[in-house]
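Below is the file protein-v2.txt, which contains compact mmCIF, C-alpha atoms.
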```txt
# COMPACT_ATOMS: atom_id res chain seq x y z
CA MET A 1439 -25.31 -58.38 -53.89
CA GLY A 1440 -24.07 -61.70 -55.02
CA SER A 1441 -22.01 -60.65 -57.96
CA ALA A 1442 -19.28 -63.21 -58.05
CA ARG A 1443 -15.85 -62.10 -59.07
CA SER A 1444 -15.24 -63.19 -62.56
CA ASP A 1445 -12.19 -65.37 -62.43
CA GLY A 1446 -12.46 -65.91 -66.12
CA THR A 1447 -15.50 -68.06 -65.51
CA ASP A 1448 -18.23 -65.56 -65.99
CA GLY A 1449 -18.59 -63.68 -69.21
CA GLY A 1450 -17.55 -60.36 -67.76
CA GLY A 1451 -19.95 -58.01 -66.02
CA ASP A 1452 -17.66 -57.50 -63.08
CA ALA A 1453 -16.95 -53.83 -62.78
CA ASP A 1454 -13.42 -54.48 -61.57
CA ASP A 1455 -12.54 -55.84 -64.96
CA VAL A 1456 -13.48 -52.69 -66.77
CA PRO A 1457 -10.63 -50.33 -67.55
CA VAL A 1458 -11.10 -47.20 -65.56
CA LEU A 1459 -12.16 -44.30 -67.66
CA ALA A 1460 -10.48 -41.01 -66.88
CA ALA A 1461 -12.37 -37.95 -68.02
CA HIS A 1462 -10.90 -34.47 -68.00
CA LYS A 1463 -12.57 -31.15 -68.60
CA ILE A 1464 -11.41 -28.14 -70.52
CA LEU A 1465 -13.61 -25.07 -70.44
CA ILE A 1466 -14.17 -22.90 -73.45
CA ALA A 1467 -15.12 -19.43 -72.29
CA GLY A 1468 -15.62 -16.09 -73.91
CA GLY A 1469 -18.29 -13.56 -74.66
CA PHE A 1470 -21.49 -14.19 -76.54
CA GLY A 1471 -20.76 -14.89 -80.18
CA ALA A 1472 -17.01 -15.27 -79.69
CA GLY A 1473 -17.10 -18.64 -81.45
CA LYS A 1474 -17.20 -21.13 -78.58
CA THR A 1475 -19.54 -23.58 -80.25
CA THR A 1476 -17.65 -23.22 -83.52
CA LEU A 1477 -14.42 -24.09 -81.78
CA VAL A 1478 -15.86 -27.11 -80.00
CA SER A 1479 -17.45 -28.46 -83.17
CA ALA A 1480 -14.24 -27.99 -85.15
CA ILE A 1481 -12.46 -30.60 -83.06
CA SER A 1482 -15.10 -32.87 -81.61
CA GLU A 1483 -18.51 -34.26 -82.03
CA VAL A 1484 -20.80 -31.79 -80.35
CA ARG A 1485 -23.47 -33.19 -78.11
CA PRO A 1486 -26.38 -31.38 -76.51
CA LEU A 1487 -26.72 -31.17 -72.77
CA LEU A 1488 -29.59 -29.92 -70.68
CA THR A 1489 -28.78 -28.64 -67.26
CA GLU A 1490 -31.13 -27.58 -64.53
CA GLU A 1491 -29.67 -24.61 -62.82
CA ARG A 1492 -30.74 -22.69 -59.81
CA LEU A 1493 -32.04 -19.28 -60.70
CA SER A 1494 -29.87 -16.65 -59.14
CA SER A 1495 -30.66 -13.03 -58.63
CA ALA A 1496 -28.42 -12.40 -61.62
CA GLY A 1497 -31.21 -13.65 -63.81
CA ALA A 1498 -33.76 -11.37 -62.22
CA GLY A 1499 -35.31 -9.14 -64.81
CA LEU A 1500 -34.06 -11.36 -67.60
CA ASP A 1501 -35.98 -14.50 -66.89
CA ASP A 1502 -39.69 -14.01 -67.03
CA LEU A 1503 -41.02 -15.57 -63.87
CA ARG A 1504 -44.60 -14.49 -64.15
CA GLY A 1505 -46.90 -17.36 -63.40
CA VAL A 1506 -44.04 -19.48 -62.10
CA ALA A 1507 -43.44 -17.74 -58.81
CA GLY A 1508 -42.18 -20.93 -57.19
CA LYS A 1509 -39.70 -21.60 -59.93
CA THR A 1510 -36.18 -21.70 -58.60
CA THR A 1511 -34.40 -23.53 -61.38
CA THR A 1512 -34.19 -22.99 -65.06
CA THR A 1513 -33.17 -25.21 -67.91
CA VAL A 1514 -30.00 -24.18 -69.66
CA ALA A 1515 -29.10 -25.91 -72.87
CA MET A 1516 -25.43 -26.12 -73.57
CA ASP A 1517 -23.13 -28.05 -75.82
CA PHE A 1518 -20.14 -30.11 -75.04
CA GLY A 1519 -17.55 -31.84 -77.13
CA ARG A 1520 -16.00 -35.20 -76.47
CA ILE A 1521 -12.52 -36.06 -77.67
CA THR A 1522 -11.47 -39.66 -77.26
CA ILE A 1523 -7.77 -39.59 -76.49
CA SER A 1524 -7.54 -43.29 -75.83
CA GLU A 1525 -9.79 -46.08 -74.78
CA ARG A 1526 -9.51 -44.99 -71.17
CA LEU A 1527 -8.92 -41.27 -71.49
CA VAL A 1528 -11.50 -38.81 -72.71
CA LEU A 1529 -11.35 -35.06 -72.90
CA TYR A 1530 -14.52 -33.03 -72.54
CA LEU A 1531 -14.84 -29.51 -73.84
CA PHE A 1532 -17.55 -27.48 -72.16
CA GLY A 1533 -18.58 -24.19 -73.62
CA VAL A 1534 -19.19 -22.00 -70.62
CA PRO A 1535 -22.16 -19.72 -71.09
CA GLY A 1536 -20.53 -16.34 -71.20
CA GLN A 1537 -23.31 -14.08 -70.13
CA GLU A 1538 -23.14 -12.76 -66.64
CA ARG A 1539 -26.40 -14.38 -65.69
CA PHE A 1540 -24.89 -17.83 -66.13
CA TRP A 1541 -22.03 -17.28 -63.78
CA PHE A 1542 -23.61 -19.43 -61.13
CA MET A 1543 -22.76 -22.40 -63.36
CA TRP A 1544 -19.09 -21.64 -63.59
CA ASP A 1545 -17.88 -23.00 -60.28
CA GLU A 1546 -19.24 -26.43 -60.96
CA LEU A 1547 -17.90 -26.47 -64.49
CA ALA A 1548 -14.50 -25.18 -63.42
CA TYR A 1549 -14.06 -27.48 -60.46
CA GLY A 1550 -11.33 -29.95 -61.26
CA ALA A 1551 -10.95 -28.70 -64.83
CA LEU A 1552 -7.58 -29.08 -66.50
CA GLY A 1553 -7.69 -25.55 -67.81
CA ALA A 1554 -9.58 -23.14 -69.98
CA VAL A 1555 -9.54 -21.42 -73.32
CA VAL A 1556 -10.74 -17.83 -73.36
CA LEU A 1557 -11.91 -17.01 -76.86
CA ALA A 1558 -11.45 -13.36 -77.60
CA ASP A 1559 -13.10 -11.31 -80.30
CA VAL A 1560 -10.95 -8.22 -80.81
CA ARG A 1561 -14.00 -6.20 -81.79
CA ARG A 1562 -15.43 -6.84 -78.35
CA LEU A 1563 -12.42 -7.50 -76.25
CA ARG A 1564 -14.03 -6.38 -73.03
CA ASP A 1565 -16.43 -9.33 -73.30
CA CYS A 1566 -13.65 -11.63 -72.19
CA PHE A 1567 -12.52 -9.59 -69.19
CA PRO A 1568 -14.85 -11.51 -66.85
CA SER A 1569 -13.52 -14.88 -68.02
CA VAL A 1570 -9.92 -13.76 -67.64
CA ASN A 1571 -10.64 -12.44 -64.16
CA TYR A 1572 -12.42 -15.61 -63.19
CA PHE A 1573 -9.61 -17.95 -64.23
CA GLU A 1574 -6.92 -15.69 -62.78
CA THR A 1575 -8.72 -15.60 -59.45
CA ARG A 1576 -9.06 -19.39 -59.38
CA SER A 1577 -5.51 -19.91 -60.64
CA LEU A 1578 -6.94 -22.15 -63.32
CA PRO A 1579 -4.49 -22.38 -66.23
CA PHE A 1580 -5.83 -20.74 -69.36
CA VAL A 1581 -4.83 -19.49 -72.77
CA VAL A 1582 -6.33 -16.58 -74.65
CA ALA A 1583 -7.21 -17.53 -78.21
CA ILE A 1584 -7.92 -14.55 -80.42
CA ASN A 1585 -10.51 -15.68 -82.91
CA CYS A 1586 -9.69 -14.16 -86.28
CA PHE A 1587 -13.03 -13.17 -87.69
CA ASP A 1588 -12.84 -12.37 -91.37
CA ASP A 1589 -13.98 -8.81 -90.98
CA ALA A 1590 -12.02 -7.93 -87.88
CA ARG A 1591 -8.75 -6.04 -87.82
CA ARG A 1592 -5.76 -8.25 -87.09
CA TYR A 1593 -3.95 -7.49 -83.90
CA ASP A 1594 -0.68 -8.80 -82.72
CA PRO A 1595 -1.27 -11.22 -79.85
CA GLU A 1596 1.09 -9.08 -77.80
CA GLU A 1597 -1.23 -6.10 -78.20
CA VAL A 1598 -4.08 -8.23 -76.94
CA ARG A 1599 -1.95 -9.45 -74.07
CA VAL A 1600 -1.29 -5.88 -73.01
CA ALA A 1601 -4.93 -4.90 -73.41
CA LEU A 1602 -5.99 -7.78 -71.20
CA ASP A 1603 -3.09 -7.27 -68.80
CA LEU A 1604 -2.25 -10.97 -68.94
CA ASP A 1605 0.37 -12.53 -66.72
CA PRO A 1606 3.55 -13.43 -68.61
CA GLY A 1607 2.83 -17.13 -68.19
CA VAL A 1608 -0.52 -16.96 -69.94
CA PRO A 1609 -0.21 -17.78 -73.65
CA ALA A 1610 -2.05 -15.58 -76.11
CA LEU A 1611 -2.36 -16.74 -79.69
CA LEU A 1612 -4.34 -16.17 -82.84
CA CYS A 1613 -6.76 -18.84 -83.98
CA ASP A 1614 -9.44 -19.65 -86.45
CA ALA A 1615 -12.13 -21.42 -84.48
CA ARG A 1616 -13.41 -23.07 -87.66
CA GLN A 1617 -10.17 -24.87 -88.42
CA LEU A 1618 -9.30 -28.16 -86.80
CA SER A 1619 -5.57 -27.51 -87.05
CA SER A 1620 -5.93 -24.12 -85.43
CA VAL A 1621 -8.08 -25.44 -82.60
CA LYS A 1622 -5.62 -28.28 -82.06
CA ASN A 1623 -2.91 -25.68 -81.75
CA VAL A 1624 -4.92 -23.81 -79.11
CA LEU A 1625 -5.57 -26.91 -77.04
CA THR A 1626 -2.03 -28.24 -77.26
CA THR A 1627 -0.73 -24.80 -76.26
CA LEU A 1628 -2.97 -24.98 -73.21
CA VAL A 1629 -1.88 -28.48 -72.24
CA GLU A 1630 1.79 -27.60 -72.82
CA SER A 1631 1.42 -24.55 -70.60
CA ILE A 1632 0.01 -26.78 -67.89
CA SER A 1633 2.97 -29.15 -68.17
CA ALA A 1634 5.33 -26.19 -68.06
CA GLU A 1635 3.83 -24.99 -64.83
CA ASP A 1636 5.47 -27.80 -62.94
CA GLN A 1637 3.50 -29.43 -60.27
CA ASN A 1638 2.71 -26.36 -58.28
CA PRO A 1639 0.21 -27.01 -55.53
CA ARG A 1640 -1.86 -24.48 -57.28
CA ARG A 1641 -5.24 -23.75 -58.69
CA MET A 1642 -8.65 -24.71 -57.50
CA ALA A 1643 -7.16 -25.72 -54.19
CA SER A 1644 -8.86 -22.67 -52.80
CA ALA A 1645 -12.00 -23.14 -54.78
CA LEU A 1646 -14.80 -24.83 -52.96
CA PRO A 1647 -16.95 -27.43 -54.58
CA PRO A 1648 -20.29 -26.00 -55.58
CA VAL A 1649 -22.81 -25.84 -52.81
CA MET B 450 -48.60 -29.90 -54.27
CA PRO B 451 -50.92 -27.17 -55.53
CA PRO B 452 -49.37 -24.29 -57.40
CA ASP B 453 -49.28 -21.07 -55.50
CA GLY B 454 -50.55 -19.09 -58.46
CA ARG B 455 -53.20 -16.48 -58.10
CA ASP B 456 -56.20 -18.58 -58.95
CA GLY B 457 -54.80 -21.79 -57.57
CA LYS B 458 -55.32 -23.62 -60.82
CA TRP B 459 -52.74 -25.24 -62.99
CA VAL B 460 -52.42 -23.46 -66.23
CA ARG B 461 -50.48 -24.86 -69.10
CA ARG B 462 -47.73 -22.33 -68.72
CA ASP B 463 -46.99 -23.70 -65.26
CA LEU B 464 -45.97 -27.04 -66.72
CA GLY B 465 -42.69 -25.50 -67.71
CA PRO B 466 -39.39 -27.20 -68.14
CA VAL B 467 -39.01 -27.70 -64.40
CA VAL B 468 -42.06 -29.87 -63.98
CA ARG B 469 -41.71 -32.21 -66.88
CA PRO B 470 -38.12 -33.36 -66.38
CA TYR B 471 -38.61 -33.99 -62.69
CA ALA B 472 -41.77 -35.97 -63.27
CA VAL B 473 -39.51 -38.95 -63.97
CA THR B 474 -37.96 -38.57 -60.52
CA GLY B 475 -41.32 -38.39 -58.82
CA GLY B 476 -40.70 -34.72 -58.19
CA ARG B 477 -37.45 -35.25 -56.37
CA THR B 478 -34.83 -32.67 -57.22
CA GLU B 479 -32.04 -33.73 -54.85
CA PRO B 480 -30.02 -36.93 -55.16
CA ALA B 481 -31.09 -39.33 -52.42
CA ASP B 482 -27.52 -39.71 -51.19
CA GLY B 483 -26.89 -35.97 -51.20
CA GLU B 484 -23.93 -36.42 -53.49
CA VAL B 485 -23.73 -34.08 -56.44
CA LEU B 486 -21.92 -35.94 -59.18
CA ASP B 487 -19.63 -33.94 -61.40
CA LEU B 488 -20.42 -33.72 -65.10
CA VAL B 489 -17.37 -35.86 -65.82
CA ALA B 490 -17.81 -38.21 -62.88
CA VAL B 491 -17.46 -41.77 -64.13
CA VAL B 492 -20.00 -44.41 -63.12
CA VAL B 493 -20.37 -48.06 -63.97
CA ALA B 494 -22.93 -50.77 -63.36
CA VAL B 495 -22.11 -53.29 -60.66
CA GLY B 496 -22.55 -56.94 -61.39
CA ASN B 497 -24.68 -58.11 -64.23
CA ASP B 498 -27.62 -56.60 -65.92
CA SER B 499 -30.22 -59.24 -65.31
CA GLY B 500 -31.02 -59.24 -61.60
CA ALA B 501 -32.98 -56.02 -61.56
CA GLY B 502 -36.30 -57.63 -62.33
CA ASP B 503 -38.59 -57.03 -59.43
CA ASP B 504 -37.14 -53.89 -57.98
CA PRO B 505 -39.73 -51.16 -58.40
CA ILE B 506 -37.17 -48.41 -58.72
CA ARG B 507 -35.32 -49.96 -61.56
CA GLN B 508 -38.53 -50.63 -63.35
CA THR B 509 -38.87 -47.04 -64.43
CA PRO B 510 -37.77 -46.81 -68.03
CA GLU B 511 -35.35 -44.00 -67.24
CA HIS B 512 -33.57 -45.99 -64.51
CA ARG B 513 -33.31 -48.94 -66.85
CA LYS B 514 -32.02 -46.81 -69.66
CA ILE B 515 -29.34 -45.35 -67.40
CA LEU B 516 -28.42 -48.77 -66.09
CA ARG B 517 -27.99 -49.99 -69.64
CA LEU B 518 -25.68 -47.09 -70.45
CA CYS B 519 -23.66 -47.90 -67.34
CA GLN B 520 -22.68 -51.34 -68.56
CA ARG B 521 -19.45 -49.63 -69.53
CA PRO B 522 -17.83 -46.84 -67.54
CA VAL B 523 -19.57 -43.67 -68.61
CA THR B 524 -19.69 -40.05 -67.54
CA VAL B 525 -22.68 -38.18 -66.19
CA ALA B 526 -22.51 -35.78 -69.13
CA ASP B 527 -22.71 -38.64 -71.61
CA ILE B 528 -25.64 -40.22 -69.80
CA ALA B 529 -27.48 -36.91 -69.80
CA SER B 530 -26.79 -36.42 -73.46
CA ASP B 531 -27.71 -39.99 -74.44
CA THR B 532 -30.96 -39.94 -72.50
CA ALA B 533 -31.81 -36.31 -73.34
CA LEU B 534 -32.57 -35.86 -69.65
CA PRO B 535 -31.36 -32.78 -67.78
CA VAL B 536 -28.24 -33.33 -65.72
CA GLY B 537 -30.14 -32.68 -62.48
CA VAL B 538 -32.57 -35.47 -63.28
CA VAL B 539 -29.77 -37.86 -64.18
CA ARG B 540 -28.09 -37.14 -60.84
CA VAL B 541 -31.26 -38.02 -58.95
CA LEU B 542 -31.82 -41.24 -60.87
CA LEU B 543 -28.17 -42.25 -60.61
CA ALA B 544 -28.26 -41.71 -56.86
CA ASP B 545 -31.13 -44.20 -56.66
CA LEU B 546 -29.10 -46.77 -58.55
CA ILE B 547 -26.02 -46.07 -56.45
CA LEU B 548 -27.96 -46.45 -53.20
CA GLU B 549 -29.20 -49.85 -54.22
CA GLU B 550 -25.70 -50.75 -55.32
CA ALA B 551 -26.61 -51.30 -58.92
CA VAL B 552 -24.15 -48.64 -59.99
CA ARG B 553 -20.96 -47.44 -58.42
CA VAL B 554 -18.97 -44.26 -58.83
CA VAL B 555 -15.58 -45.00 -60.33
CA ARG B 556 -14.41 -41.44 -60.03
CA ASN B 557 -16.50 -38.53 -58.85
CA ARG B 558 -14.65 -35.33 -59.28
CA PRO B 559 -11.57 -35.02 -61.36
CA ALA B 560 -8.57 -34.73 -59.15
CA VAL B 561 -8.01 -31.32 -57.65
CA GLN B 562 -4.32 -31.79 -58.27
CA LEU B 563 -3.07 -31.78 -61.78
CA PRO B 564 -2.88 -35.10 -63.49
CA GLY B 565 0.65 -36.39 -63.78
CA ASN B 566 2.93 -35.50 -66.63
CA ASP B 567 2.34 -38.88 -68.22
CA VAL B 568 -1.37 -38.16 -68.48
CA LEU B 569 -0.73 -34.67 -69.83
CA LYS B 570 1.64 -36.15 -72.37
CA GLU B 571 -0.96 -38.70 -73.35
CA ILE B 572 -3.50 -35.91 -73.85
CA LEU B 573 -1.00 -33.89 -75.88
CA ASN B 574 -0.19 -36.81 -78.14
CA GLY B 575 -3.86 -37.61 -78.53
CA LEU B 576 -4.66 -34.04 -79.54
CA ARG B 577 -1.80 -33.90 -82.00
CA ALA B 578 -2.98 -37.13 -83.60
CA LEU B 579 -6.46 -35.76 -84.32
```
Would you write the structure of this file as C-alpha cells?
Amino acid sequence: MGSARSDGTDGGGDADDVPVLAAHKILIAGGFGAGKTTLVSAISEVRPLLTEERLSSAGAGLDDLRGVAGKTTTTVAMDFGRITISERLVLYLFGVPGQERFWFMWDELAYGALGAVVLADVRRLRDCFPSVNYFETRSLPFVVAINCFDDARRYDPEEVRVALDLDPGVPALLCDARQLSSVKNVLTTLVESISAEDQNPRRMASALPPV
Amino acid sequence: MPPDGRDGKWVRRDLGPVVRPYAVTGGRTEPADGEVLDLVAVVVAVGNDSGAGDDPIRQTPEHRKILRLCQRPVTVADIASDTALPVGVVRVLLADLILEEAVRVVRNRPAVQLPGNDVLKEILNGLRAL
C-alpha cells in the first residue's frame, strides 16, 4: 500500500519511525491463594485479561458442560501487571492460574518468558510442587518467594529450600507480597539470577511452542 | 449452525461466553493466517490511519478500535485488556488486519534465547528505580 516513507515530510505514521517496543514476560506461579494477585498489584497496575482456552480433559468434572456439549473452549479471566521499564522496554507479570486444570495454559505463558516467581505459602507448601517441577523441567529460571502471611510460622528459607529440594542455583527468599520493596527484591533477585547464569544455551530450547 | 442440544433449540444458557465473544469475528475462532500471536507479541499499524474507509473488514468497530490502538507499538495483551475482548478474539481480528497489511508484527514471540546482559541490566535498573 502506498505508504510513503516519511523523510521528515510526512507527519509520522511510518511504522519504521516508531521505536521498537520490547516486551518481556515474568510468570508469577503458586498455589491458589498464595498471593499472586497481591504480588502483581503491589508493583504494577493490574489489568484484566480474558483468555479463551481450550477445555482439556483436566477440566472434566469441574466444568459443567451440560447443555453446551459442543463447547471446547472456556473463558478464563486472569490478571496481568505491566511495568514500564523505559519507553521501549516493558515487563509483563502474568499470574499463572495455579490449579491443575489450568495447566494447559502454562506452555503458552511460559514460552519465551524471562523467568518465574513461585510464591510459596509455608502452610501449604505442597501447592507449589507442581510449579517448581514445571519450571525445573523446562529449565526456566525461577526463584521461590516465601510469602510471609501474618499468621503463618516463619521458616528459614533454607528449610523451605530443603523441603522443596531446590537446586543450589535457585534462590529462595522471604517476601511480603503486599510490599512494593519486598516484591522489587523478589524480581531483582530473579533477574540477577538470570544474569548470573551466563548465556547458557538453556531453557525453553526444548519446549515447543503451543500447538 | 444449529446447536446439537437435545431439543435442537437455542436456549439462553447456550449463548455462553464462547458465543458472544466470537460473534465479533463472525464465528471464526482461528486466525486467518494461522499464526498464534504471543501475549507479548508487539504489533503496530502500517502507514496512516485514514485510508481504511471502504474496506468492509475494517469497518467493524472492533477492527477499527484495534487499529486505533496499534498507532503505537502495542502488545496483544494490552489490546485485549483495552478492548475487553478475549485474547482469542483479538488474535483473529489482528490476523485480518495483518493479512490486509494494515498492521504488522514487530516482534511475535520473545526471543527463545535470553536477552543480552544490557537488556537484563536495563530491567534491573528499572525495577530498582520503582
Quick one: everything within 10 Å of Glu484 of chain B, counting all atoms listed in the file, minus sequence neighbours fewer than 5 positions away in the same chain. Send it as number ranges by chain.
B: 479, 540-541, 544, 557
Test item: residues at most 7 Å from segment 1461-1467 of chain A, all atoms listed in the file, excluding those fewer than 4 positions along its chain, as a PyMOL selection string:
(chain A and resi 1474+1527-1534+1536+1551-1557+1569) or (chain B and resi 489+559)
Would you mind listing what lies within 12 Å of Ser1619 of chain A as a ChimeraX atom specification, with only C-alpha atoms counted and same-chain residues fewer than 6 positions away left out?
/A:1477,1480-1481,1613,1625-1626 /B:576-579
With only C-alpha atoms as the atoms that count, which of A:Asp1603, A:Ser1631, A:Val1608, A:Phe1587 lies nearest to chain B?
A:Ser1631
Would you list the contacts of Val536 of chain B as a ChimeraX atom specification, taking every protein, DNA or RNA residue within 12 Å and counting only C-alpha atoms, but skipping same-chain residues closer than 4 positions in sequence?
/A:1486-1491,1512-1516 /B:470-471,478-480,485-490,524-532,540-543
Separation of atom CA of Ala1472 of chain A from atom CA of Lys570 of chain B in Å
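Computed distance, atom CA of Lys570 of chain B to atom CA of Ala1472 of chain A, equals 28.9 Å.
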Considering only C-alpha atoms, return as a list in words whatever protein or nucleic-acid residues lie within 10 Å of Gly1471 of chain A, sequence-local ones (same chain, fewer than 2 positions apart) excluded.
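Here the answer would be Gly1468, Gly1469, Gly1473, Lys1474, Thr1475, Thr1476, Gly1536, Leu1557, Ala1558, Asp1559, Arg1562 and Asp1565 of chain A.
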Between B:Leu548, B:Ala472, B:Leu518, B:Ala533, which is the closest to chain A once you count all atoms listed in the file?
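Using all atoms listed in the file, chain A sits closest to B:Ala533.
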State, in Å with one decimal place, the distance from atom CA of Glu1597 of chain A to atom CA of Pro1579 of chain A.
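That distance, rounded to one decimal, is 20.5 Å.
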Nearest to chain A: which of B:Leu569, B:Val554, B:Val539, B:Ala481 is it, counting only C-alpha atoms?
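Closest residue, counting only C-alpha atoms: B:Leu569.
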Using atom CA of Ala1615 of chain A and atom CA of Leu534 of chain B as the two end points, give the distance in Å to one decimal.
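If I compute the distance from atom CA of Ala1615 of chain A to atom CA of Leu534 of chain B, I get 29.1 Å.
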In the coordinate frame of the file, compute which residues have an atom within 10 Å of (-7.9, -10.4, -76.3) when using only C-alpha atoms, and state them as a PyMOL selection string.
chain A and resi 1468+1556-1567+1570+1582-1585+1593-1604+1610-1612
When you count only C-alpha atoms, which of these residues is closest to Pro522 of chain B: A:Arg1485, A:Arg1520, A:Arg1526, A:Lys1622?
A:Arg1526
Choose the residue, out of B:His512, B:Arg477, B:Arg553, B:Arg517, that has the smallest atom-to-atom separation from chain A; count only C-alpha atoms.
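Closest to chain A of all the choices is B:Arg553.
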